file data07.cif (mmCIF, C-alpha atoms)
data_target
#
loop_
_atom_site.label_atom_id
_atom_site.label_comp_id
_atom_site.auth_asym_id
_atom_site.auth_seq_id
_atom_site.Cartn_x
_atom_site.Cartn_y
_atom_site.Cartn_z
CA LYS A 211 16.25 138.72 -106.89
CA ALA A 212 17.35 135.18 -106.12
CA THR A 213 15.04 132.27 -105.38
CA VAL A 214 15.95 129.51 -102.93
CA SER A 215 14.46 126.07 -102.44
CA VAL A 216 14.28 124.67 -98.90
CA LEU A 217 13.25 121.30 -97.50
CA ASN A 218 9.90 121.35 -95.65
CA TRP A 219 10.22 119.33 -92.40
CA PRO A 220 6.66 118.94 -91.02
CA CYS A 221 7.70 118.64 -87.38
CA SER A 222 10.56 121.11 -87.41
CA PRO A 223 10.02 124.27 -85.34
CA TYR A 224 12.15 126.10 -87.88
CA GLY A 225 9.99 125.26 -90.90
CA ARG A 226 8.30 128.05 -92.83
CA GLY A 227 5.47 126.07 -94.46
CA ARG A 228 1.88 125.81 -93.21
CA ARG A 229 2.47 122.16 -92.41
CA SER A 230 5.65 122.66 -90.49
CA GLY A 231 6.10 123.22 -86.75
CA GLU A 232 2.39 123.74 -86.02
CA GLU A 233 1.41 120.34 -87.37
CA GLY A 234 4.20 118.61 -85.49
CA THR A 235 3.17 120.30 -82.27
CA ARG A 236 -0.47 119.28 -82.70
CA CYS A 237 0.53 115.74 -83.57
CA MET A 238 2.69 115.28 -80.50
CA ALA A 239 0.11 116.96 -78.26
CA LEU A 240 -2.51 114.50 -79.52
CA VAL A 241 -0.31 111.51 -78.75
CA ALA A 242 0.46 112.87 -75.27
CA ALA A 243 -3.26 113.42 -74.57
CA LEU A 244 -4.18 109.91 -75.72
CA ALA A 245 -1.39 108.40 -73.62
CA ALA A 246 -2.62 110.29 -70.57
CA ALA A 247 -6.17 109.10 -71.22
CA ALA A 248 -4.98 105.50 -71.56
CA CYS A 249 -3.18 105.72 -68.22
CA CYS A 250 -6.28 107.13 -66.50
CA VAL A 251 -8.89 104.71 -67.82
CA TYR A 252 -8.62 102.56 -64.68
CA ASP A 253 -7.81 105.40 -62.31
CA TYR A 254 -10.03 107.37 -59.94
CA ASN A 255 -9.52 111.11 -59.86
CA PRO A 256 -9.29 112.96 -56.53
CA LEU A 257 -11.68 115.90 -56.35
CA ALA A 258 -11.41 117.54 -52.95
CA PHE A 259 -10.59 117.09 -49.28
CA ALA A 260 -12.31 118.36 -46.15
CA GLY A 261 -10.50 118.27 -42.84
CA LEU A 262 -12.42 116.94 -39.86
CA PRO A 263 -11.32 117.82 -36.30
CA ASP A 264 -11.59 114.23 -35.07
CA GLY A 265 -11.16 112.42 -38.38
CA GLY A 266 -13.77 109.93 -39.51
CA GLY A 267 -14.81 106.29 -39.20
CA PRO A 268 -17.93 104.89 -40.86
CA VAL A 269 -19.47 107.22 -43.45
CA VAL A 270 -22.71 107.46 -45.44
CA ALA A 271 -23.69 109.88 -48.20
CA ALA A 272 -26.93 110.78 -49.95
CA GLU A 273 -28.70 113.81 -51.37
CA GLY A 274 -25.75 116.18 -51.05
CA LEU A 275 -24.90 115.24 -47.47
CA ALA A 276 -22.10 113.06 -46.12
CA VAL A 277 -22.09 111.97 -42.48
CA ALA A 278 -18.96 110.59 -40.84
CA ALA A 279 -18.67 109.05 -37.38
CA PRO A 280 -15.37 109.99 -35.68
CA LYS A 281 -13.89 107.43 -33.31
CA THR A 282 -14.07 110.03 -30.55
CA GLY A 283 -17.88 110.06 -30.72
CA GLY A 284 -20.64 112.09 -32.30
CA LEU A 285 -21.28 112.80 -35.97
CA ALA A 286 -19.68 115.14 -38.50
CA LEU A 287 -22.09 116.56 -41.10
CA VAL A 288 -20.42 117.57 -44.37
CA ASP A 289 -22.16 119.45 -47.16
CA VAL A 290 -21.21 117.71 -50.44
CA ALA A 291 -23.80 119.29 -52.72
CA GLN A 292 -20.70 120.34 -54.67
CA PRO A 293 -18.39 117.30 -54.46
CA LYS A 294 -15.44 119.45 -55.51
CA ALA A 295 -16.00 121.73 -52.52
CA PRO A 296 -17.02 119.68 -49.44
CA ARG A 297 -17.69 121.76 -46.35
CA LEU A 298 -17.97 120.69 -42.72
CA VAL A 299 -21.24 122.21 -41.51
CA ARG A 300 -21.42 121.09 -37.91
CA GLU A 301 -20.80 118.28 -35.44
CA VAL A 302 -23.72 116.62 -33.68
CA PRO A 303 -23.11 114.79 -30.38
CA LEU A 304 -24.83 111.48 -29.76
CA ARG A 305 -26.62 110.96 -26.48
CA GLY A 306 -24.51 109.37 -23.81
CA GLY A 307 -21.34 110.19 -25.74
CA GLY A 308 -21.99 107.30 -28.10
CA VAL A 309 -19.53 106.23 -30.79
CA ALA A 310 -21.27 105.06 -33.97
CA THR A 311 -20.02 101.87 -35.60
CA GLY A 312 -22.80 101.62 -38.18
CA LEU A 313 -24.69 104.29 -40.12
CA ALA A 314 -27.69 104.43 -42.46
CA LEU A 315 -29.13 107.51 -44.16
CA GLN A 316 -32.58 107.72 -45.74
CA ALA A 317 -34.93 110.58 -46.56
CA GLY A 318 -33.27 113.11 -44.31
CA VAL A 319 -33.03 110.79 -41.31
CA LEU A 320 -29.78 109.28 -40.04
CA TYR A 321 -29.71 106.03 -38.08
CA ALA A 322 -26.62 105.41 -35.95
CA ALA A 323 -25.79 102.13 -34.23
CA ALA A 324 -23.85 103.31 -31.21
CA GLN A 325 -22.30 100.67 -28.98
CA GLY A 326 -23.36 101.08 -25.37
CA THR A 327 -25.83 103.90 -26.06
CA GLY A 328 -28.39 102.17 -28.27
CA LEU A 329 -29.73 102.89 -31.73
CA GLN A 330 -29.91 106.66 -32.16
CA ILE A 331 -32.10 108.42 -34.74
CA VAL A 332 -31.04 111.86 -35.95
CA ASP A 333 -33.14 114.27 -38.01
CA VAL A 334 -30.79 115.83 -40.60
CA THR A 335 -33.46 117.40 -42.80
CA ASP A 336 -32.09 120.77 -41.73
CA VAL A 337 -28.37 120.29 -41.23
CA GLY A 338 -28.10 123.50 -39.23
CA THR A 339 -30.50 122.22 -36.56
CA ALA A 340 -29.80 118.48 -36.77
CA SER A 341 -30.33 116.65 -33.49
CA VAL A 342 -31.16 113.25 -31.98
CA VAL A 343 -34.93 112.72 -32.00
CA ALA A 344 -35.16 109.19 -30.60
CA VAL A 345 -33.07 106.43 -29.03
CA VAL A 346 -33.86 102.70 -29.06
CA THR A 347 -32.33 101.24 -25.92
CA ASN A 348 -33.78 97.72 -26.11
CA PHE A 349 -35.15 95.28 -28.64
CA THR A 350 -38.17 94.22 -26.60
CA VAL A 351 -41.21 93.39 -28.73
CA PRO A 352 -44.39 94.82 -27.13
CA ASN A 353 -46.87 92.23 -25.82
CA CYS A 354 -44.42 89.40 -26.44
CA SER A 355 -43.94 87.03 -23.53
CA ALA A 356 -40.95 84.72 -23.25
CA SER A 357 -40.60 81.45 -21.39
CA ALA A 358 -36.83 81.22 -21.67
CA PRO A 359 -34.55 82.10 -18.70
CA ALA A 360 -33.38 85.67 -18.21
CA TYR A 361 -30.12 86.93 -19.65
CA HIS A 362 -26.97 86.83 -17.60
CA ASP A 363 -23.41 87.98 -18.37
CA ARG A 364 -23.72 86.97 -22.03
CA ARG A 365 -27.27 88.27 -22.13
CA ARG A 366 -28.74 84.86 -22.64
CA THR A 367 -28.65 81.46 -21.06
CA GLY A 368 -27.05 78.70 -23.04
CA VAL A 369 -24.13 78.69 -25.45
CA GLY A 370 -23.97 76.96 -28.79
CA VAL A 371 -24.74 77.26 -32.46
CA GLY A 372 -28.44 76.44 -31.99
CA TRP A 373 -31.13 78.92 -30.99
CA PRO A 374 -33.95 78.39 -28.48
CA VAL A 375 -37.53 77.97 -29.61
CA PHE A 376 -38.70 80.80 -27.38
CA PRO A 377 -36.33 83.76 -27.46
CA PRO A 378 -35.70 85.45 -24.12
CA LEU A 379 -36.42 89.13 -23.61
CA PRO A 380 -33.52 91.43 -24.49
CA PRO A 381 -31.75 93.36 -21.73
CA SER A 382 -32.60 96.91 -20.71
CA ARG A 383 -29.99 98.44 -23.03
CA VAL A 384 -28.58 97.18 -26.30
CA ALA A 385 -25.22 97.81 -27.92
CA PRO A 386 -25.87 97.54 -31.68
CA THR A 387 -22.94 97.49 -34.11
CA THR A 388 -24.76 97.62 -37.45
CA VAL A 389 -27.92 99.03 -39.00
CA VAL A 390 -29.66 98.87 -42.39
CA VAL A 391 -32.92 100.52 -43.43
CA ARG A 392 -35.27 99.89 -46.34
CA GLY A 393 -38.41 102.00 -46.50
CA SER A 394 -40.13 101.99 -43.11
CA ALA A 395 -38.34 98.84 -41.91
CA LEU A 396 -35.04 99.09 -40.05
CA TYR A 397 -32.83 96.17 -38.99
CA SER A 398 -30.18 96.37 -36.31
CA ALA A 399 -28.02 93.78 -34.58
CA ASP A 400 -26.36 93.46 -31.21
CA PRO A 401 -23.70 90.69 -31.37
CA LEU A 402 -24.56 89.47 -27.89
CA ILE A 403 -28.33 89.49 -28.34
CA GLY A 404 -29.63 89.18 -31.87
CA VAL A 405 -31.36 91.01 -34.68
CA ALA A 406 -34.33 93.34 -34.32
CA GLN A 407 -36.76 94.64 -36.92
CA ILE A 408 -37.97 98.15 -36.08
CA ASP A 409 -40.76 100.16 -37.66
CA VAL A 410 -39.47 103.68 -38.43
CA SER A 411 -42.45 104.98 -40.38
CA HIS A 412 -42.41 107.67 -37.69
CA PRO A 413 -38.69 108.23 -36.96
CA SER A 414 -39.35 110.06 -33.71
CA ALA A 415 -41.39 107.10 -32.43
CA PRO A 416 -39.62 103.86 -33.49
CA ARG A 417 -41.31 100.57 -32.60
CA THR A 418 -39.74 97.10 -32.45
CA VAL A 419 -41.92 94.61 -34.33
CA ALA A 420 -39.79 91.45 -34.54
CA PHE A 421 -36.76 89.91 -32.91
CA LEU A 422 -34.42 87.02 -33.71
CA PRO A 423 -32.00 85.80 -31.01
CA LEU A 424 -29.15 85.31 -33.47
CA GLU A 425 -25.89 85.90 -31.66
CA GLY A 426 -22.59 86.96 -33.17
CA VAL A 427 -23.98 89.14 -35.98
CA VAL A 428 -21.63 92.08 -36.51
CA ALA A 429 -22.81 93.22 -39.96
CA LEU A 430 -26.15 93.10 -41.76
CA ALA A 431 -27.38 93.23 -45.36
CA LEU A 432 -30.69 92.70 -47.15
CA THR A 433 -31.42 90.84 -50.36
CA ASN A 434 -32.49 92.92 -53.36
CA ALA A 435 -36.14 92.04 -52.84
CA ALA A 436 -35.82 92.76 -49.11
CA ASP A 437 -37.39 89.40 -48.26
CA TYR A 438 -34.31 87.93 -46.59
CA GLY A 439 -31.63 89.27 -44.31
CA VAL A 440 -28.02 88.16 -44.17
CA GLY A 441 -25.89 88.50 -41.09
CA ALA A 442 -22.11 88.19 -41.03
CA VAL A 443 -21.31 86.19 -37.91
CA ALA A 444 -18.05 86.47 -35.99
CA ASP A 445 -18.45 84.97 -32.54
CA ALA A 446 -15.14 84.03 -30.92
CA GLU A 447 -16.73 82.54 -27.80
CA ARG A 448 -18.88 80.10 -29.77
CA LYS A 449 -16.24 79.73 -32.50
CA ALA A 450 -18.91 80.53 -35.09
CA TYR A 451 -17.76 82.37 -38.19
CA GLY A 452 -19.60 82.79 -41.49
CA ILE A 453 -23.07 84.01 -42.44
CA ALA A 454 -26.65 83.33 -41.40
CA VAL A 455 -29.73 83.87 -43.59
CA PHE A 456 -33.09 84.70 -42.04
CA VAL A 457 -36.60 85.65 -43.14
CA LEU A 458 -37.69 89.26 -42.89
CA SER A 459 -41.29 89.47 -41.77
CA ALA A 460 -43.08 92.06 -39.69
CA ALA A 461 -46.12 89.81 -39.56
CA ARG A 462 -44.62 87.67 -36.81
CA ARG A 463 -43.05 88.99 -33.67
CA ARG A 464 -40.15 86.58 -33.80
CA GLY A 465 -37.76 86.33 -36.72
CA SER A 466 -37.20 83.00 -38.43
CA LEU A 467 -33.76 81.60 -39.21
CA VAL A 468 -33.53 79.92 -42.60
CA GLY A 469 -29.97 78.71 -42.94
CA ALA A 470 -26.45 79.23 -41.65
CA ALA A 471 -23.01 78.58 -43.11
CA TYR A 472 -20.23 78.53 -40.57
CA ALA A 473 -16.54 77.91 -41.11
CA ALA A 474 -13.95 77.88 -38.36
CA ALA A 475 -11.47 79.33 -40.84
CA GLY A 476 -13.83 82.12 -41.90
CA PRO A 477 -13.13 85.83 -41.38
CA LYS A 478 -12.87 86.70 -37.72
CA GLN A 479 -12.52 90.48 -38.03
CA VAL A 480 -15.58 91.32 -40.12
CA THR A 481 -16.01 94.94 -41.20
CA GLY A 482 -18.99 94.76 -43.56
CA CYS A 483 -21.53 92.68 -45.44
CA GLU A 484 -23.30 93.33 -48.77
CA VAL A 485 -25.63 91.29 -50.99
CA TYR A 486 -25.97 91.38 -54.77
CA GLY A 487 -28.22 88.74 -56.31
CA ASP A 488 -27.12 85.37 -54.96
CA VAL A 489 -23.71 86.64 -53.91
CA VAL A 490 -22.86 87.74 -50.37
CA ALA A 491 -19.67 89.77 -50.01
CA VAL A 492 -18.14 89.91 -46.53
CA THR A 493 -15.21 92.26 -45.96
CA SER A 494 -12.73 91.75 -43.17
CA LEU A 495 -9.36 92.76 -41.81
CA ASP A 496 -7.95 89.23 -41.65
CA GLU A 497 -9.09 87.69 -44.95
CA GLY A 498 -9.99 90.66 -47.10
CA LEU A 499 -13.01 89.86 -49.30
CA VAL A 500 -14.86 86.57 -48.77
CA LEU A 501 -17.77 85.49 -50.99
CA TYR A 502 -20.76 83.23 -50.25
CA ASP A 503 -23.38 81.71 -52.56
CA ILE A 504 -26.97 81.95 -51.25
CA SER A 505 -28.78 80.58 -54.31
CA ASN A 506 -30.01 77.96 -51.82
CA MET A 507 -31.10 80.09 -48.86
CA SER A 508 -31.27 77.13 -46.51
CA ALA A 509 -27.69 76.06 -47.27
CA PRO A 510 -25.34 79.00 -47.93
CA VAL A 511 -21.94 77.99 -49.29
CA ARG A 512 -18.63 79.77 -49.08
CA ARG A 513 -17.02 80.26 -52.48
CA ASP A 514 -13.48 79.06 -53.10
CA GLU A 515 -11.99 82.07 -54.87
CA LYS A 516 -10.12 84.73 -52.96
CA PRO A 517 -10.36 88.07 -54.78
CA GLY A 518 -7.82 89.65 -52.45
CA ALA A 519 -6.37 89.32 -48.99
CA LEU A 520 -5.68 93.01 -48.28
CA PRO A 521 -7.27 94.25 -45.06
CA LEU A 522 -10.56 95.96 -45.93
CA PRO A 523 -11.66 98.35 -43.15
CA GLY A 524 -14.88 99.26 -44.94
CA ALA A 525 -16.99 98.73 -48.05
CA THR A 526 -20.23 99.81 -49.70
CA LEU A 527 -22.37 98.52 -52.54
CA SER A 528 -23.30 100.78 -55.45
CA GLY A 529 -25.29 98.95 -58.10
CA ARG A 530 -23.39 95.76 -58.82
CA PHE A 531 -20.04 97.20 -57.76
CA LEU A 532 -18.54 96.72 -54.32
CA PHE A 533 -16.30 99.66 -53.42
CA ALA A 534 -13.86 98.86 -50.63
CA VAL A 535 -11.07 100.73 -48.87
CA TYR A 536 -7.90 98.77 -48.25
CA ASP A 537 -4.99 99.22 -45.88
CA ALA A 538 -1.56 97.95 -46.88
CA THR A 539 0.48 100.06 -44.47
CA ALA A 540 1.36 97.04 -42.33
CA THR A 541 3.30 95.56 -45.26
CA GLY A 542 5.00 98.80 -46.26
CA GLY A 543 2.35 99.78 -48.82
CA SER A 544 -0.26 102.51 -48.75
CA GLY A 545 -3.98 102.76 -48.31
CA GLY A 546 -6.58 103.46 -50.96
CA PHE A 547 -9.70 101.94 -52.44
CA THR A 548 -10.75 99.62 -55.20
CA ALA A 549 -13.93 98.20 -56.74
CA TYR A 550 -15.15 94.66 -57.42
CA ASP A 551 -17.75 93.68 -60.02
CA LEU A 552 -20.06 91.28 -58.19
CA LEU A 553 -21.99 90.45 -61.36
CA SER A 554 -19.04 88.38 -62.55
CA ALA A 555 -19.29 86.30 -59.39
CA SER A 556 -22.06 84.22 -60.94
CA SER A 557 -19.81 82.88 -63.68
CA ALA A 558 -16.21 83.80 -62.94
CA ALA A 559 -13.94 84.89 -60.15
CA VAL A 560 -14.34 88.44 -58.90
CA SER A 561 -11.36 90.66 -59.56
CA PRO A 562 -10.55 94.27 -58.63
CA ILE A 563 -11.34 97.00 -61.15
CA GLY A 564 -8.43 99.39 -60.79
CA HIS A 565 -6.90 100.89 -57.68
CA SER A 566 -6.60 104.40 -56.38
CA LEU A 567 -3.56 106.03 -54.85
CA PRO A 568 -3.67 108.11 -51.67
CA TYR A 569 -5.24 111.53 -52.21
CA GLY A 570 -2.74 113.66 -54.12
CA ASN A 571 0.56 113.95 -52.29
CA MET A 572 -1.08 114.25 -48.89
CA SER A 573 -0.28 111.76 -46.16
CA LEU A 574 -3.75 110.92 -44.89
CA GLY A 575 -3.00 107.67 -43.07
CA SER A 576 -5.06 104.50 -43.37
CA PRO A 577 -8.59 104.81 -44.80
CA ARG A 578 -11.44 103.96 -42.44
CA GLY A 579 -14.74 104.03 -44.30
CA ILE A 580 -16.28 104.60 -47.72
CA ALA A 581 -19.61 105.71 -49.17
CA VAL A 582 -20.62 106.17 -52.81
CA ASP A 583 -23.34 108.53 -53.99
CA GLY A 584 -23.78 108.87 -57.73
CA THR A 585 -20.35 109.30 -59.31
CA ALA A 586 -18.54 110.42 -56.16
CA ALA A 587 -16.86 108.28 -53.52
CA TYR A 588 -16.37 109.65 -50.01
CA ILE A 589 -13.56 108.13 -47.96
CA THR A 590 -12.74 108.91 -44.35
CA TYR A 591 -9.19 109.12 -43.05
CA PRO A 592 -7.82 109.99 -39.59
CA SER A 593 -7.49 113.59 -40.79
CA GLY A 594 -10.71 114.07 -42.70
CA LEU A 595 -12.88 113.25 -45.71
CA ALA A 596 -11.53 112.80 -49.26
CA VAL A 597 -13.75 112.89 -52.35
CA TYR A 598 -12.97 110.89 -55.49
CA ASP A 599 -14.58 110.81 -58.93
CA VAL A 600 -15.66 107.24 -59.80
CA THR A 601 -17.47 108.11 -63.01
CA MET A 602 -15.68 105.39 -64.99
CA ILE A 603 -17.22 102.73 -62.76
CA ALA A 604 -20.49 104.29 -61.64
CA THR A 605 -21.75 105.37 -65.07
CA THR A 606 -20.55 102.69 -67.50
CA GLY A 607 -21.88 99.83 -65.44
CA ARG A 608 -19.91 97.41 -67.60
CA THR A 609 -16.33 96.35 -67.13
CA ILE A 610 -16.35 95.11 -70.72
CA ALA A 611 -17.06 98.65 -71.91
CA ILE A 612 -14.16 99.93 -69.85
CA ALA A 613 -11.83 97.28 -71.28
CA VAL A 614 -12.95 98.10 -74.84
CA ALA A 615 -12.39 101.81 -74.21
CA PHE A 616 -8.92 101.02 -72.90
CA VAL A 617 -8.09 98.99 -76.03
CA ILE A 618 -9.42 101.71 -78.36
CA VAL A 619 -7.39 104.42 -76.67
CA GLY A 620 -4.30 102.22 -76.80
CA VAL A 621 -4.77 101.60 -80.53
CA LEU A 622 -5.19 105.35 -81.13
CA VAL A 623 -1.97 106.04 -79.27
CA VAL A 624 -0.07 103.53 -81.41
CA VAL A 625 -1.59 104.84 -84.65
CA GLY A 626 -0.84 108.42 -83.69
CA ALA A 627 2.74 107.59 -82.81
CA VAL A 628 3.29 105.73 -86.09
CA TYR A 629 1.75 108.59 -88.07
CA CYS A 630 4.00 111.17 -86.42
CA TRP A 631 7.07 109.01 -86.89
CA LYS A 632 6.45 108.49 -90.59
CA ASN A 633 5.71 112.15 -91.23
CA CYS A 634 8.34 113.75 -89.02
CA ARG A 635 11.43 111.80 -89.95
CA LYS A 636 11.55 112.81 -93.64
CA PRO A 637 10.97 116.11 -95.50
CA ARG A 638 7.67 116.65 -97.27
CA GLY A 639 8.94 117.98 -100.66
CA ARG A 640 10.42 121.42 -101.30
CA GLU A 641 9.05 124.93 -101.10
CA SER A 642 10.48 127.95 -102.92
CA TYR A 643 10.86 131.38 -101.36
CA THR A 644 11.93 134.64 -103.08
CA PRO A 645 13.41 137.42 -100.94
CA ILE A 646 11.82 140.86 -101.32
CA ASP A 647 13.48 144.24 -101.55
CA GLY A 648 16.70 142.71 -102.80
CA GLY A 649 17.36 140.85 -99.61
CA THR A 650 19.89 138.06 -99.37
CA PRO A 651 18.53 134.53 -99.36
#
call {"tool": "encode", "arguments": {"input": "data07.cif", "output": "structure tokens"}}
result
Amino acid sequence: KATVSVLNWPCSPYGRGRRSGEEGTRCMALVAALAAAACCVYDYNPLAFAGLPDGGGPVVAAEGLAVAAPKTGGLALVDVAQPKAPRLVREVPLRGGGVATGLALQAGVLYAAAQGTGLQIVDVTDVGTASVVAVVTNFTVPNCSASAPAYHDRRRTGVGVGWPVFPPLPPSRVAPTTVVVRGSALYSADPLIGVAQIDVSHPSAPRTVAFLPLEGVVALALTNAADYGVGAVADAERKAYGIAVFVLSAARRRGSLVGAAYAAAGPKQVTGCEVYGDVVAVTSLDEGLVLYDISNMSAPVRRDEKPGALPLPGATLSGRFLFAVYDATATGGSGGFTAYDLLSASSAAVSPIGHSLPYGNMSLGSPRGIAVDGTAAYITYPSGLAVYDVTMIATTGRTIAIAVAFVIVGVLVVVGAVYCWKNCRKPRGRESYTPIDGGTP
């Protein structure tokens, strides 16, 4: 019987030793996995897609339910209790064929600002029987007299940046474009009239308790303590663009304006407004994201930095992160969404945290709206609703932690590659084998 001595190549698939092909395969698989993880640290993973007959516009999501407002009117109720398997449950028509431009969802009640058909309140506690339970058609405060002239074609007499001491009564029907709700207090704005505070402690019997004749407000937001309101103003007729800050108080029947910051070069096509701390984020189609400082409520100031000029059709605030959908199709790009850390706005310029690509390989068109609930983002497209996993942003809560994780994964990839290179390019000693049964080596 002859004995032969062979070289043991750790990464060779032809090796016979315990540390041969298997170790090489595991080593390379580890490097590939780490590289994939490094590439996905800043990415958002698509989860599922639900087709909607009429597509979607604005969208809100909470407690396992997503509600989209198609541009053809009505509401689309989507069950997202399982984000990986969204399911269109039913479509609910709004009274008067209204098209919702602003949505708010709280405790099983949906509030829809529908232009031309008023503020509509929908009970969605039972999705199968969801229906409109009340409609606010005017912002008249009960037992509130007004000495100002009646409204005319612009729904109020007088044009200018100033507001009258005694607000006139609103018209018989309002056309709100935005709505926000906090507890039993709801705030809605009609650009041609002003802002109303409505008591919705009983959703089926809403009651207007305060009114501010602040024209041009197309988007609303509340401060964290809900003691001030911020309105994004875009009034072409009065050439007023910027934001206005006002006091929220149900104790008085008329709202009180605190301060306004207008800039003729401000965003003219406003799509949303959010507040985090002393930072107001206004999204638009013409200037992208614009930031304001409201540390001095009576004198808001527009910040100089420009985080991005991509058209932003919609945005939503989740914690300190502003999630926004962008549309770059006009310049030959694609649509998707990104996130901004507004906490950094107090000390440094805001910058995007990663970008998403369109959902899979599907051509969905330009995104229209976005809502975030927990670790899932819901984005509406002309063809339906796409669901993305935003765990990396929603759960870490710290961009520094994400950056550190990225660096650690990168270091591991380099170390793994070096290890494999050193151990695969030279033999690891010799091993002796003796044939049995007189075989030939």
call {"tool": "closest_residue", "arguments": {"input": "data07.cif", "among": "A:Thr590, A:Thr539, A:Thr418, A:Thr311", "to": "Val389 (chain A)", "atoms": "only C-alpha atoms"}}
result
A:Thr311
call {"tool": "closest_residue", "arguments": {"input": "data07.cif", "among": "A:Leu501, A:Val621, A:Ala395, A:Leu313", "to": "His412 (chain A)", "atoms": "all atoms listed in the file"}}
result
A:Ala395
call {"tool": "closest_residue", "arguments": {"input": "data07.cif", "among": "A:Val582, A:Ala525, A:Ala271, A:Val628", "to": "Ala429 (chain A)", "atoms": "all atoms listed in the file"}}
result
A:Ala525
call {"tool": "residues_around", "arguments": {"input": "data07.cif", "residues": "region 488-494 of chain A", "least_positions_apart": "3", "cutoff": "10 Å", "atoms": "all atoms listed in the file", "output": "number ranges by chain"}}
result
A: 429-434, 440-443, 452-453, 476-485, 497-507, 510-513, 519-527, 532, 534-536, 550, 552-556
call {"tool": "resolve_selection", "arguments": {"input": "data07.cif", "expression": "the PyMOL selection byres ((chain A and resi 577) around 10)", "output": "ChimeraX atom specification"}}
result
/A:266-267,522-524,534-537,544-547,568,574-576,578-580,589-596
call {"tool": "closest_residue", "arguments": {"input": "data07.cif", "among": "A:Val419, A:Ala260, A:Val277, A:Val269", "to": "Pro296 (chain A)", "atoms": "only C-alpha atoms"}}
result
A:Ala260
call {"tool": "resolve_selection", "arguments": {"input": "data07.cif", "expression": "the PyMOL selection byres ((chain A and resi 344-348) around 12)", "output": "CSV table (one decimal) with C-alpha atoms, in the frame of the given file"}}
result
chain,number,residue,atom,x,y,z
A,304,LEU,CA,-24.8,111.5,-29.8
A,305,ARG,CA,-26.6,111.0,-26.5
A,306,GLY,CA,-24.5,109.4,-23.8
A,308,GLY,CA,-22.0,107.3,-28.1
A,319,VAL,CA,-33.0,110.8,-41.3
A,320,LEU,CA,-29.8,109.3,-40.0
A,321,TYR,CA,-29.7,106.0,-38.1
A,322,ALA,CA,-26.6,105.4,-36.0
A,323,ALA,CA,-25.8,102.1,-34.2
A,324,ALA,CA,-23.8,103.3,-31.2
A,325,GLN,CA,-22.3,100.7,-29.0
A,326,GLY,CA,-23.4,101.1,-25.4
A,327,THR,CA,-25.8,103.9,-26.1
A,328,GLY,CA,-28.4,102.2,-28.3
A,329,LEU,CA,-29.7,102.9,-31.7
A,330,GLN,CA,-29.9,106.7,-32.2
A,331,ILE,CA,-32.1,108.4,-34.7
A,332,VAL,CA,-31.0,111.9,-36.0
A,333,ASP,CA,-33.1,114.3,-38.0
A,341,SER,CA,-30.3,116.6,-33.5
A,342,VAL,CA,-31.2,113.2,-32.0
A,343,VAL,CA,-34.9,112.7,-32.0
A,349,PHE,CA,-35.2,95.3,-28.6
A,350,THR,CA,-38.2,94.2,-26.6
A,351,VAL,CA,-41.2,93.4,-28.7
A,352,PRO,CA,-44.4,94.8,-27.1
A,379,LEU,CA,-36.4,89.1,-23.6
A,380,PRO,CA,-33.5,91.4,-24.5
A,381,PRO,CA,-31.8,93.4,-21.7
A,382,SER,CA,-32.6,96.9,-20.7
A,383,ARG,CA,-30.0,98.4,-23.0
A,384,VAL,CA,-28.6,97.2,-26.3
A,385,ALA,CA,-25.2,97.8,-27.9
A,386,PRO,CA,-25.9,97.5,-31.7
A,396,LEU,CA,-35.0,99.1,-40.0
A,397,TYR,CA,-32.8,96.2,-39.0
A,398,SER,CA,-30.2,96.4,-36.3
A,399,ALA,CA,-28.0,93.8,-34.6
A,400,ASP,CA,-26.4,93.5,-31.2
A,403,ILE,CA,-28.3,89.5,-28.3
A,404,GLY,CA,-29.6,89.2,-31.9
A,405,VAL,CA,-31.4,91.0,-34.7
A,406,ALA,CA,-34.3,93.3,-34.3
A,407,GLN,CA,-36.8,94.6,-36.9
A,408,ILE,CA,-38.0,98.2,-36.1
A,409,ASP,CA,-40.8,100.2,-37.7
A,410,VAL,CA,-39.5,103.7,-38.4
A,412,HIS,CA,-42.4,107.7,-37.7
A,413,PRO,CA,-38.7,108.2,-37.0
A,414,SER,CA,-39.4,110.1,-33.7
A,415,ALA,CA,-41.4,107.1,-32.4
A,416,PRO,CA,-39.6,103.9,-33.5
A,417,ARG,CA,-41.3,100.6,-32.6
A,418,THR,CA,-39.7,97.1,-32.4
A,419,VAL,CA,-41.9,94.6,-34.3
A,421,PHE,CA,-36.8,89.9,-32.9
call {"tool": "atom_distance", "arguments": {"input": "data07.cif", "atom1": "CA of Asp599 (chain A)", "atom2": "CA of Pro293 (chain A)"}}
result
8.8 Å
call {"tool": "closest_residue", "arguments": {"input": "data07.cif", "among": "A:Gly620, A:Pro401, A:Gly274, A:Gly338", "to": "Ala450 (chain A)", "atoms": "only C-alpha atoms"}}
result
A:Pro401
call {"tool": "closest_residue", "arguments": {"input": "data07.cif", "among": "A:Val624, A:Ala279, A:Val600, A:Ala549", "to": "Gly307 (chain A)", "atoms": "all atoms listed in the file"}}
result
A:Ala279
call {"tool": "atom_distance", "arguments": {"input": "data07.cif", "atom1": "CA of Tyr588 (chain A)", "atom2": "CA of Ser394 (chain A)"}}
result
25.9 Å
call {"tool": "atom_distance", "arguments": {"input": "data07.cif", "atom1": "CA of Gly529 (chain A)", "atom2": "CA of Ala317 (chain A)"}}
result
19.0 Å
call {"tool": "residues_near_point", "arguments": {"input": "data07.cif", "point": "(-24.3, 109.3, -54.1)", "cutoff": "7 Å", "atoms": "only C-alpha atoms", "output": "list in words"}}
result
Ala271, Ala272, Glu273, Val582, Asp583, Gly584, Thr585 and Ala586 of chain A
